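Asker: Structure file target.cif (mmCIF, C-alpha atoms) right here:
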data_run
#
loop_
_atom_site.label_atom_id
_atom_site.label_comp_id
_atom_site.auth_asym_id
_atom_site.auth_seq_id
_atom_site.Cartn_x
_atom_site.Cartn_y
_atom_site.Cartn_z
CA MET A 1 -134.76 26.66 254.62
CA THR A 2 -136.09 29.88 253.22
CA GLY A 3 -137.44 30.27 249.73
CA SER A 4 -134.78 32.79 248.83
CA GLY A 5 -132.03 30.47 250.10
CA GLU A 6 -133.48 27.60 248.16
CA SER A 7 -133.48 29.58 244.93
CA SER A 8 -129.69 30.07 245.09
CA ARG A 9 -129.38 26.32 244.50
CA ILE A 10 -131.24 26.66 241.25
CA GLY A 11 -129.48 27.67 238.06
CA ARG A 12 -130.60 30.21 235.55
CA TRP A 13 -132.11 29.90 232.12
CA VAL A 14 -130.54 31.54 229.11
CA THR A 15 -132.28 32.01 225.79
CA SER A 16 -130.51 31.34 222.54
CA THR A 17 -131.55 30.68 218.97
CA VAL A 18 -131.16 27.16 217.63
CA THR A 19 -132.19 26.36 214.04
CA GLY A 20 -134.32 29.47 213.93
CA GLU A 21 -136.30 29.03 217.17
CA ALA A 22 -135.77 30.51 220.63
CA VAL A 23 -134.60 27.88 223.12
CA ARG A 24 -134.24 28.15 226.93
CA ALA A 25 -131.10 26.33 228.07
CA TYR A 26 -130.14 25.69 231.70
CA LEU A 27 -126.97 26.91 233.43
CA PRO A 28 -126.39 25.10 236.76
CA PRO A 29 -124.91 26.91 239.78
CA ASP A 30 -121.48 25.89 241.02
CA LEU A 31 -120.88 23.10 243.53
CA PRO A 32 -121.11 22.69 246.46
CA PRO A 33 -124.74 23.78 246.77
CA VAL A 34 -125.65 27.01 248.57
CA PRO A 35 -127.16 27.05 251.12
CA PRO A 36 -125.07 24.11 252.36
CA LEU A 37 -126.39 20.59 252.25
CA ASP A 38 -128.36 19.34 255.23
CA LEU A 39 -126.68 15.97 255.59
CA ALA A 40 -128.29 15.01 258.92
CA GLY A 41 -131.05 13.10 257.15
CA VAL A 42 -128.61 11.00 255.13
CA SER A 43 -125.78 10.57 257.65
CA ALA A 44 -126.88 7.05 258.63
CA LEU A 45 -127.21 6.08 254.96
CA ALA A 46 -123.78 7.54 254.19
CA SER A 47 -122.25 5.49 257.03
CA GLU A 48 -123.96 2.31 255.80
CA ALA A 49 -122.77 3.00 252.26
CA MET A 50 -119.18 3.55 253.37
CA LEU A 51 -119.27 0.38 255.48
CA ALA A 52 -120.57 -1.59 252.48
CA LEU A 53 -117.84 -0.09 250.26
CA GLY A 54 -115.21 -1.04 252.82
CA ARG A 55 -116.43 -4.63 252.91
CA LEU A 56 -116.53 -4.73 249.12
CA ASP A 57 -113.01 -3.35 248.85
CA GLY A 58 -111.86 -5.98 251.33
CA VAL A 59 -113.23 -8.77 249.17
CA ARG A 60 -109.67 -9.85 248.37
CA ASN A 61 -109.67 -11.34 251.88
CA VAL A 62 -112.43 -13.66 250.65
CA ALA A 63 -111.05 -14.25 247.17
CA PRO A 64 -107.25 -14.42 246.82
CA ASP A 65 -107.30 -13.01 243.28
CA THR A 66 -109.80 -10.16 242.88
CA SER A 67 -108.79 -9.81 239.23
CA LEU A 68 -110.55 -13.09 238.44
CA PHE A 69 -114.04 -11.68 238.79
CA LEU A 70 -113.02 -8.05 238.27
CA TYR A 71 -112.65 -8.91 234.58
CA MET A 72 -116.31 -9.94 234.51
CA TYR A 73 -117.56 -7.15 236.80
CA VAL A 74 -116.16 -4.53 234.44
CA ARG A 75 -117.88 -6.18 231.50
CA LYS A 76 -121.18 -6.49 233.33
CA GLU A 77 -121.12 -2.79 234.20
CA ALA A 78 -120.21 -1.89 230.63
CA LEU A 79 -123.17 -3.91 229.39
CA LEU A 80 -125.66 -2.43 231.89
CA SER A 81 -124.49 1.14 231.33
CA SER A 82 -124.82 0.68 227.57
CA GLN A 83 -128.27 -0.92 227.95
CA ILE A 84 -129.52 2.23 229.69
CA GLU A 85 -128.58 4.04 226.49
CA GLY A 86 -130.52 1.55 224.36
CA THR A 87 -128.12 -1.19 223.28
CA GLN A 88 -129.50 -4.72 223.04
CA SER A 89 -126.32 -6.71 223.59
CA SER A 90 -125.87 -9.52 226.14
CA LEU A 91 -122.94 -10.56 228.30
CA SER A 92 -122.51 -13.67 226.13
CA ASP A 93 -122.46 -11.47 222.99
CA LEU A 94 -119.64 -9.40 224.47
CA LEU A 95 -117.58 -12.41 225.53
CA LEU A 96 -117.99 -14.04 222.12
CA TYR A 97 -117.06 -10.76 220.40
CA GLU A 98 -113.90 -10.49 222.48
CA ASP A 99 -113.12 -14.09 221.57
CA GLU A 100 -113.61 -13.20 217.87
CA ALA A 101 -116.25 -15.91 217.67
CA ALA A 102 -119.43 -13.86 217.69
CA PRO A 103 -121.88 -15.40 215.24
CA GLY A 104 -124.83 -13.08 214.80
CA ALA A 105 -124.03 -10.74 217.70
CA PRO A 106 -125.33 -7.17 217.10
CA LEU A 107 -121.99 -5.64 216.13
CA ASP A 108 -122.67 -1.96 216.86
CA ASP A 109 -124.12 -2.83 220.27
CA VAL A 110 -121.25 -5.11 221.21
CA GLU A 111 -118.67 -2.58 220.04
CA GLU A 112 -120.23 0.07 222.26
CA VAL A 113 -119.92 -2.21 225.28
CA SER A 114 -116.35 -3.14 224.35
CA THR A 115 -115.23 0.49 224.06
CA TYR A 116 -116.72 1.18 227.52
CA VAL A 117 -114.43 -1.51 228.95
CA ALA A 118 -111.46 0.08 227.15
CA ALA A 119 -112.35 3.59 228.41
CA LEU A 120 -112.60 2.43 232.03
CA THR A 121 -109.34 0.51 231.77
CA HIS A 122 -107.57 3.57 230.34
CA GLY A 123 -108.93 5.86 233.06
CA LEU A 124 -107.83 3.54 235.85
CA GLU A 125 -104.36 3.07 234.41
CA ARG A 126 -103.89 6.84 234.13
CA ILE A 127 -105.08 7.47 237.69
CA ARG A 128 -102.87 4.71 239.07
CA GLY A 129 -99.97 6.31 237.21
CA GLY A 130 -100.56 9.53 239.14
CA PHE A 131 -102.56 11.42 236.49
CA PRO A 132 -105.47 13.40 238.03
CA LEU A 133 -109.13 12.85 237.24
CA SER A 134 -109.32 15.90 235.00
CA LEU A 135 -110.99 17.32 231.91
CA ARG A 136 -108.10 16.01 229.84
CA LEU A 137 -108.59 12.48 231.16
CA LEU A 138 -112.36 12.64 230.63
CA ARG A 139 -111.78 13.68 227.02
CA GLU A 140 -109.27 10.87 226.54
CA MET A 141 -111.79 8.36 227.88
CA HIS A 142 -114.54 9.84 225.74
CA ALA A 143 -112.38 9.42 222.63
CA ILE A 144 -112.02 5.72 223.45
CA LEU A 145 -115.71 5.34 224.36
CA LEU A 146 -116.79 6.69 220.96
CA SER A 147 -113.93 5.22 218.92
CA SER A 148 -116.27 2.84 217.11
CA GLY A 149 -119.97 2.04 216.85
CA ARG A 150 -122.78 4.53 216.43
CA GLY A 151 -121.11 7.35 218.37
CA SER A 152 -117.96 7.51 216.26
CA THR A 153 -119.30 10.49 214.27
CA LYS A 154 -120.17 12.50 217.42
CA GLN A 155 -116.86 14.34 217.98
CA PRO A 156 -115.02 11.70 220.08
CA GLY A 157 -112.78 13.31 222.70
CA GLU A 158 -114.15 16.82 222.20
CA PHE A 159 -116.59 18.94 224.17
CA ARG A 160 -119.61 19.72 222.04
CA ARG A 161 -119.72 22.77 219.81
CA SER A 162 -123.46 22.66 219.20
CA GLN A 163 -126.61 22.59 221.31
CA ASN A 164 -127.84 19.19 222.46
CA TRP A 165 -131.05 18.27 224.27
CA ILE A 166 -132.69 15.43 226.20
CA GLY A 167 -136.09 14.08 225.13
CA GLY A 168 -138.18 15.51 222.31
CA THR A 169 -137.36 15.86 218.63
CA ARG A 170 -135.60 19.23 218.82
CA PRO A 171 -134.46 21.71 221.51
CA GLY A 172 -137.77 23.57 221.30
CA ASN A 173 -139.83 20.63 222.56
CA ALA A 174 -137.19 18.86 224.66
CA LEU A 175 -137.65 17.71 228.25
CA PHE A 176 -134.35 19.37 229.18
CA VAL A 177 -131.88 21.57 227.33
CA PRO A 178 -128.32 21.60 228.77
CA PRO A 179 -126.11 24.70 228.71
CA PRO A 180 -125.26 26.34 225.36
CA PRO A 181 -121.94 25.10 223.94
CA ASP A 182 -120.03 28.32 224.69
CA HIS A 183 -120.58 27.71 228.44
CA VAL A 184 -119.46 24.07 228.50
CA LEU A 185 -115.70 24.51 229.03
CA ASP A 186 -116.16 27.02 231.86
CA LEU A 187 -118.75 24.84 233.62
CA MET A 188 -116.62 21.72 233.26
CA SER A 189 -113.55 23.57 234.56
CA ARG A 190 -115.52 24.54 237.66
CA LEU A 191 -116.66 20.94 238.11
CA GLU A 192 -113.03 19.80 237.88
CA ALA A 193 -112.08 22.37 240.53
CA PHE A 194 -114.86 21.08 242.81
CA LEU A 195 -113.62 17.50 242.53
CA HIS A 196 -110.22 18.52 243.85
CA GLU A 197 -111.08 21.23 246.37
CA THR A 198 -110.71 20.42 250.08
CA GLY A 199 -112.35 23.44 251.69
CA SER A 200 -115.98 22.25 251.73
CA GLY A 201 -115.31 19.36 254.08
CA LEU A 202 -117.68 17.15 252.09
CA PRO A 203 -116.87 13.40 252.14
CA PRO A 204 -115.72 11.94 248.81
CA LEU A 205 -118.83 9.78 248.50
CA ILE A 206 -121.10 12.84 248.76
CA LYS A 207 -118.91 14.71 246.26
CA ALA A 208 -119.15 11.79 243.84
CA GLY A 209 -122.94 11.97 244.01
CA LEU A 210 -122.98 15.73 243.44
CA ALA A 211 -120.45 15.57 240.61
CA HIS A 212 -122.45 12.94 238.74
CA VAL A 213 -125.55 15.14 238.62
CA GLN A 214 -123.53 18.21 237.61
CA PHE A 215 -121.85 16.28 234.80
CA GLU A 216 -125.19 15.00 233.48
CA THR A 217 -126.68 18.51 233.71
CA ILE A 218 -123.80 20.07 231.75
CA HIS A 219 -123.97 17.18 229.24
CA PRO A 220 -120.63 18.25 227.80
CA PHE A 221 -120.42 15.80 224.88
CA LEU A 222 -122.69 15.12 221.91
CA ASP A 223 -122.92 11.45 222.89
CA GLY A 224 -121.76 9.16 225.70
CA ASN A 225 -122.65 11.52 228.57
CA GLY A 226 -124.63 8.93 230.51
CA ARG A 227 -121.94 6.28 230.28
CA LEU A 228 -119.08 8.64 231.11
CA GLY A 229 -121.07 10.23 233.96
CA ARG A 230 -121.54 6.82 235.54
CA LEU A 231 -117.85 5.99 235.06
CA LEU A 232 -117.00 9.25 236.81
CA ILE A 233 -118.45 7.95 240.10
CA THR A 234 -116.28 4.84 240.29
CA LEU A 235 -113.16 6.55 238.98
CA TYR A 236 -113.46 9.33 241.56
CA LEU A 237 -113.83 6.82 244.40
CA CYS A 238 -110.74 5.01 243.13
CA GLU A 239 -108.78 8.27 242.87
CA GLN A 240 -109.81 9.17 246.42
CA GLU A 241 -108.72 5.70 247.59
CA ILE A 242 -112.19 4.78 248.83
CA LEU A 243 -111.85 1.80 246.49
CA ASP A 244 -108.67 0.04 245.38
CA GLU A 245 -110.43 -1.79 242.57
CA PRO A 246 -113.35 -0.57 240.40
CA LEU A 247 -115.85 -2.98 241.95
CA LEU A 248 -118.71 -0.51 242.48
CA TYR A 249 -121.09 -0.29 239.56
CA LEU A 250 -124.35 1.58 239.87
CA SER A 251 -125.79 0.89 236.43
CA LEU A 252 -127.93 -2.06 237.56
CA TYR A 253 -129.49 0.13 240.27
CA LEU A 254 -130.01 3.03 237.87
CA LYS A 255 -131.37 0.69 235.18
CA THR A 256 -133.87 -0.79 237.66
CA HIS A 257 -134.95 2.62 239.03
CA ARG A 258 -134.39 4.73 235.92
CA ALA A 259 -137.73 6.62 236.12
CA THR A 260 -136.91 7.75 239.68
CA TYR A 261 -133.34 8.54 238.63
CA TYR A 262 -134.39 10.87 235.81
CA ALA A 263 -137.08 12.50 237.96
CA LEU A 264 -134.59 13.25 240.75
CA LEU A 265 -132.12 14.82 238.30
CA GLN A 266 -134.88 17.19 237.22
CA GLU A 267 -135.84 17.95 240.83
CA VAL A 268 -132.27 19.03 241.55
CA ARG A 269 -132.28 21.32 238.52
CA GLU A 270 -135.73 22.82 239.04
CA GLN A 271 -136.06 22.79 242.85
CA GLY A 272 -132.54 22.40 244.24
CA ARG A 273 -133.48 19.15 245.99
CA TRP A 274 -129.98 17.77 246.41
CA GLU A 275 -130.81 15.93 249.63
CA SER A 276 -133.46 13.80 247.89
CA TRP A 277 -130.98 12.89 245.20
CA LEU A 278 -128.32 11.98 247.78
CA GLU A 279 -130.73 9.72 249.64
CA PHE A 280 -131.39 7.84 246.40
CA PHE A 281 -127.70 7.78 245.44
CA LEU A 282 -126.42 6.58 248.82
CA THR A 283 -129.10 3.89 248.97
CA GLY A 284 -127.88 2.68 245.58
CA VAL A 285 -124.22 2.68 246.63
CA ARG A 286 -125.03 0.75 249.81
CA ASP A 287 -127.26 -1.82 248.12
CA VAL A 288 -125.02 -2.35 245.09
CA ALA A 289 -121.90 -2.71 247.26
CA ARG A 290 -123.66 -5.26 249.47
CA GLN A 291 -124.88 -7.23 246.45
CA ALA A 292 -121.43 -7.17 244.85
CA HIS A 293 -119.83 -8.41 248.08
CA GLU A 294 -122.33 -11.26 248.33
CA ALA A 295 -121.79 -12.12 244.65
CA ALA A 296 -118.02 -12.17 245.15
CA ARG A 297 -118.39 -14.59 248.05
CA ALA A 298 -120.73 -16.81 246.00
CA ILE A 299 -118.32 -16.77 243.05
CA SER A 300 -115.39 -17.68 245.30
CA ALA A 301 -117.41 -20.58 246.73
CA ILE A 302 -118.17 -21.87 243.21
CA PHE A 303 -114.49 -21.67 242.25
CA ALA A 304 -113.38 -23.50 245.43
CA GLU A 305 -115.98 -26.26 245.10
CA ASP A 306 -115.11 -26.92 241.46
CA ALA A 307 -111.36 -26.79 242.16
CA ALA A 308 -111.80 -29.53 244.76
CA ARG A 309 -113.58 -31.73 242.22
CA ILE A 310 -110.91 -31.13 239.58
CA ALA A 311 -108.18 -32.08 242.06
CA GLY A 312 -109.63 -35.60 242.06
CA LEU A 313 -108.88 -36.15 238.35
CA GLY A 314 -105.48 -37.65 239.01
CA ARG A 315 -102.87 -37.30 236.26
CA SER A 316 -105.16 -35.18 234.08
CA ALA A 317 -105.79 -32.69 236.89
CA PRO A 318 -103.00 -30.16 236.05
CA ALA A 319 -104.31 -29.38 232.56
CA ALA A 320 -107.90 -29.17 233.83
CA GLN A 321 -106.76 -26.89 236.65
CA ALA A 322 -105.04 -24.61 234.13
CA LEU A 323 -108.24 -24.44 232.09
CA HIS A 324 -110.31 -23.80 235.22
CA GLY A 325 -108.08 -20.84 236.00
CA VAL A 326 -108.76 -19.38 232.55
CA LEU A 327 -112.51 -19.95 232.89
CA GLN A 328 -112.52 -17.87 236.07
CA THR A 329 -111.79 -14.81 233.97
CA ARG A 330 -113.38 -15.99 230.71
CA PRO A 331 -116.49 -18.05 231.50
CA LEU A 332 -117.29 -18.37 227.79
CA LEU A 333 -114.56 -19.26 225.31
CA THR A 334 -113.43 -21.30 222.34
CA ILE A 335 -110.88 -24.11 222.58
CA GLY A 336 -108.32 -21.96 220.75
CA THR A 337 -108.61 -19.15 223.28
CA ALA A 338 -108.51 -21.65 226.16
CA ALA A 339 -105.28 -23.13 224.78
CA GLU A 340 -103.69 -19.72 224.20
CA LEU A 341 -104.52 -18.33 227.64
CA SER A 342 -103.60 -21.48 229.56
CA GLY A 343 -100.38 -22.12 227.67
CA VAL A 344 -101.27 -25.67 226.64
CA THR A 345 -101.65 -27.23 223.22
CA PHE A 346 -104.96 -27.31 221.36
CA PRO A 347 -105.39 -31.10 221.89
CA THR A 348 -104.59 -30.75 225.59
CA ALA A 349 -107.10 -27.91 225.95
CA THR A 350 -109.71 -29.96 224.11
CA ALA A 351 -109.21 -32.97 226.38
CA ALA A 352 -109.24 -30.81 229.52
CA LEU A 353 -112.47 -29.03 228.54
CA GLU A 354 -114.10 -32.37 227.79
CA ARG A 355 -113.10 -33.60 231.26
CA LEU A 356 -114.56 -30.44 232.79
CA GLN A 357 -117.71 -31.06 230.76
CA ALA A 358 -117.90 -34.63 232.10
CA LEU A 359 -117.71 -33.21 235.63
CA GLY A 360 -120.59 -30.84 234.83
CA ILE A 361 -118.41 -27.76 235.35
CA VAL A 362 -118.67 -26.50 231.74
CA GLU A 363 -121.06 -27.16 228.89
CA GLU A 364 -120.61 -26.89 225.13
CA ILE A 365 -123.18 -24.54 223.58
CA THR A 366 -122.82 -24.79 219.79
CA GLY A 367 -123.49 -28.50 219.22
CA ARG A 368 -120.92 -28.37 216.42
CA ALA A 369 -117.90 -30.59 215.84
CA ARG A 370 -115.73 -27.58 214.89
CA GLY A 371 -115.58 -24.10 216.40
CA ARG A 372 -116.94 -25.33 219.71
CA VAL A 373 -117.65 -22.84 222.50
CA PHE A 374 -117.68 -23.81 226.17
CA VAL A 375 -119.41 -21.93 228.99
CA TYR A 376 -118.81 -21.99 232.75
CA ARG A 377 -122.55 -21.88 233.33
CA LYS A 378 -122.79 -21.46 237.13
CA TYR A 379 -120.42 -18.51 237.03
CA LEU A 380 -121.89 -16.84 233.96
CA ASP A 381 -125.45 -17.20 235.29
CA LEU A 382 -124.45 -15.46 238.52
CA MET A 383 -122.83 -12.59 236.61
CA ASP A 384 -125.76 -12.44 234.16
CA ALA A 385 -128.32 -11.51 236.83
CA GLY A 386 -130.04 -8.26 235.87
CA THR A 387 -128.53 -7.98 232.39
CA GLU A 388 -131.68 -8.71 230.41
CA PRO A 389 -132.05 -6.02 227.71
CA LEU A 390 -134.62 -3.31 228.47
#
Write the structure described by the file as structure tokens, please.
Answerer:
Amino acid sequence: MTGSGESSRIGRWVTSTVTGEAVRAYLPPDLPPVPPLDLAGVSALASEAMLALGRLDGVRNVAPDTSLFLYMYVRKEALLSSQIEGTQSSLSDLLLYEDEAAPGAPLDDVEEVSTYVAALTHGLERIRGGFPLSLRLLREMHAILLSSGRGSTKQPGEFRRSQNWIGGTRPGNALFVPPPPDHVLDLMSRLEAFLHETGSGLPPLIKAGLAHVQFETIHPFLDGNGRLGRLLITLYLCEQEILDEPLLYLSLYLKTHRATYYALLQEVREQGRWESWLEFFLTGVRDVARQAHEAARAISAIFAEDAARIAGLGRSAPAAQALHGVLQTRPLLTIGTAAELSGVTFPTATAALERLQALGIVEEITGRARGRVFVYRKYLDLMDAGTEPL
């Protein structure tokens, strides 16, 4: 690849004045990259990633009801994606918050995770209803993402009207300055057009990887860009019917390799090294999809083993089975929530949870006589892997 060809992959810098000082902001070139991507070096990785995604999407053949652990997968991704941005919440904090029994949980942090879940749910419902993955939908999701917590004053649902920056204390000493605000709508419109064009012949998985970097480079909102940019990957793969369910979540991979992740974003901007980014991205998709598939199989095995033990309870088995079904979506809950979701009375739920505790399937974690909270420990521990705050 010639030097002149390589330079056409690199954007241009524009100088503007921000709070009295001259600032160089970056304008990325349009997608797809020119000269075209050399995908020969990542073709094997791309095939492995697609195979892993196919196996992950077929996980319903292993587990009859994907929605059981999908509920928890979504929350785990929300937590990890928010942790990258600095929140200190835990999966237990989130589950307690959603159960309205969150003693001492860091409220702002938990709210940020909760709004991520709501934004993803909204995006999926809109796409499944035939609405395109568009600027309008991204703004709708952003409004939900920043509806409460620390970001609620950062223009929820609106593209930014002021200059933002990454790293440093001001644009003048920042590590990276995204495009000036008057370029944001045009750049985002071009990104939207790229997502839906068919002329480049690029596979959807490659386009998802390119679009993520472009979104993060444009940084179109005052806050929430990282979280929404990661959501964009999974939503696009769902829209393109690569995935039926949003089971692919890259935040654990990006959290683990965040120094490499940020360095590769800069290499794309400064050197046009898209192929290096795609190698990293496809490796992450492959590895995360494989891990998620293995976790789904392990979860299904736990559910089946415990269901067999509950079946031996005799006359008290039906109520315990109803509670076990609830615990498969809510591995941490109060007796009141257990009763409500299973459709049994409070005393029946209490007795059933105590039987499950006697079997070693759940444990009570408060030590109190009132307001008791039960946890499905084996399941929650499996989902908790990798969610330690940074």
Asker: On this structure, the PyMOL selection byres ((chain A and resi 54) around 12) would catch which residues? List them as a ChimeraX atom specification, sorted by chain and number.
Answerer: /A:47-53,55-61,237,241-245,247-248,285-286,289-290,292-293
Asker: Using the chain letters and numbering of this document, enumerate as an NGL selection string the residues selected by the PyMOL selection byres ((chain A and resi 255) around 10).
Answerer: :A and (80-81 or 83-85 or 250-254 or 256-259 or 261 or 386-387 or 390)
Asker: Residue by residue, what does the PyMOL selection byres ((chain A and resi 15) around 9) grab here? Present the result as JSON, numbers by chain.
Answerer: {"A": [13, 14, 16, 17, 22, 23, 24, 25, 26]}
Asker: Please provide the set of residues having any atom within 7 Å of stretch 220-224 of chain A, restricted to all atoms listed in the file, with same-chain residues fewer than 3 positions apart removed, written as a PyMOL selection string.
Answerer: chain A and resi 151+154+158-160+164+184+227-228
Asker: Could you check the closest approach to A:Leu191 for each of A:Glu354, A:Glu340, A:Asp30, A:Asp381 and tell me which residue wins, using all atoms listed in the file?
Answerer: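 For A:Leu191, the nearest of the candidates is A:Asp30.
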Asker: Smallest atom-to-atom distance to A:Ile365: which of A:Ala319, A:Leu96, A:Leu202, A:Leu187, using all atoms listed in the file?
Answerer: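 Of A:Ala319, A:Leu96, A:Leu202, A:Leu187, the one nearest A:Ile365, counting all atoms listed in the file, is A:Leu96.
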Asker: Counting all atoms listed in the file, what is within 12 Å of A:Gly20, bar same-chain residues fewer than 5 positions away, as a CSV table (one decimal) with C-alpha atoms, keeping the file's coordinate frame?
Answerer:
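Output below, filename result_13.csv:
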chain,number,residue,atom,x,y,z
A,170,ARG,CA,-135.6,19.2,218.8
A,171,PRO,CA,-134.5,21.7,221.5
A,172,GLY,CA,-137.8,23.6,221.3
Asker: State, in Å with one decimal place, the distance from atom CA of A:Ser134 to atom CA of A:Glu239.
Answerer: 11.0 Å
Asker: Could you add N, CA and C atoms to stretch 112-128 of chain A and give me the result as a PDB file, in the frame of the given file?
Answerer:
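Final output, result00.pdb:
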ATOM      1  N   GLU A 112    -120.024  -0.987 221.271  1.00  0.00           N
ATOM      2  CA  GLU A 112    -120.230   0.070 222.260  1.00  0.00           C
ATOM      3  C   GLU A 112    -119.900  -0.422 223.669  1.00  0.00           C
ATOM      4  N   VAL A 113    -120.245  -1.656 223.972  1.00  0.00           N
ATOM      5  CA  VAL A 113    -119.920  -2.210 225.280  1.00  0.00           C
ATOM      6  C   VAL A 113    -118.403  -2.399 225.402  1.00  0.00           C
ATOM      7  N   SER A 114    -117.788  -2.878 224.337  1.00  0.00           N
ATOM      8  CA  SER A 114    -116.350  -3.140 224.350  1.00  0.00           C
ATOM      9  C   SER A 114    -115.547  -1.852 224.536  1.00  0.00           C
ATOM     10  N   THR A 115    -115.969  -0.762 223.900  1.00  0.00           N
ATOM     11  CA  THR A 115    -115.230   0.490 224.060  1.00  0.00           C
ATOM     12  C   THR A 115    -115.405   1.071 225.463  1.00  0.00           C
ATOM     13  N   TYR A 116    -116.523   0.772 226.125  1.00  0.00           N
ATOM     14  CA  TYR A 116    -116.720   1.180 227.520  1.00  0.00           C
ATOM     15  C   TYR A 116    -115.667   0.511 228.404  1.00  0.00           C
ATOM     16  N   VAL A 117    -115.453  -0.781 228.192  1.00  0.00           N
ATOM     17  CA  VAL A 117    -114.430  -1.510 228.950  1.00  0.00           C
ATOM     18  C   VAL A 117    -113.066  -0.850 228.723  1.00  0.00           C
ATOM     19  N   ALA A 118    -112.761  -0.530 227.473  1.00  0.00           N
ATOM     20  CA  ALA A 118    -111.460   0.080 227.150  1.00  0.00           C
ATOM     21  C   ALA A 118    -111.321   1.461 227.789  1.00  0.00           C
ATOM     22  N   ALA A 119    -112.407   2.244 227.815  1.00  0.00           N
ATOM     23  CA  ALA A 119    -112.350   3.590 228.410  1.00  0.00           C
ATOM     24  C   ALA A 119    -112.106   3.506 229.914  1.00  0.00           C
ATOM     25  N   LEU A 120    -112.798   2.593 230.585  1.00  0.00           N
ATOM     26  CA  LEU A 120    -112.600   2.430 232.030  1.00  0.00           C
ATOM     27  C   LEU A 120    -111.174   1.984 232.323  1.00  0.00           C
ATOM     28  N   THR A 121    -110.690   1.022 231.557  1.00  0.00           N
ATOM     29  CA  THR A 121    -109.340   0.510 231.770  1.00  0.00           C
ATOM     30  C   THR A 121    -108.305   1.627 231.602  1.00  0.00           C
ATOM     31  N   HIS A 122    -108.487   2.449 230.572  1.00  0.00           N
ATOM     32  CA  HIS A 122    -107.570   3.570 230.340  1.00  0.00           C
ATOM     33  C   HIS A 122    -107.601   4.550 231.511  1.00  0.00           C
ATOM     34  N   GLY A 123    -108.813   4.910 231.956  1.00  0.00           N
ATOM     35  CA  GLY A 123    -108.930   5.860 233.060  1.00  0.00           C
ATOM     36  C   GLY A 123    -108.256   5.371 234.325  1.00  0.00           C
ATOM     37  N   LEU A 124    -108.449   4.100 234.640  1.00  0.00           N
ATOM     38  CA  LEU A 124    -107.830   3.540 235.850  1.00  0.00           C
ATOM     39  C   LEU A 124    -106.316   3.516 235.753  1.00  0.00           C
ATOM     40  N   GLU A 125    -105.813   3.127 234.590  1.00  0.00           N
ATOM     41  CA  GLU A 125    -104.360   3.070 234.410  1.00  0.00           C
ATOM     42  C   GLU A 125    -103.738   4.455 234.567  1.00  0.00           C
ATOM     43  N   ARG A 126    -104.412   5.471 234.018  1.00  0.00           N
ATOM     44  CA  ARG A 126    -103.890   6.840 234.130  1.00  0.00           C
ATOM     45  C   ARG A 126    -103.892   7.314 235.584  1.00  0.00           C
ATOM     46  N   ILE A 127    -104.992   7.042 236.296  1.00  0.00           N
ATOM     47  CA  ILE A 127    -105.080   7.470 237.690  1.00  0.00           C
ATOM     48  C   ILE A 127    -104.036   6.752 238.540  1.00  0.00           C
ATOM     49  N   ARG A 128    -103.862   5.465 238.307  1.00  0.00           N
ATOM     50  CA  ARG A 128    -102.870   4.710 239.070  1.00  0.00           C
ATOM     51  C   ARG A 128    -101.449   5.159 238.749  1.00  0.00           C
TER      52      ARG A 128
END
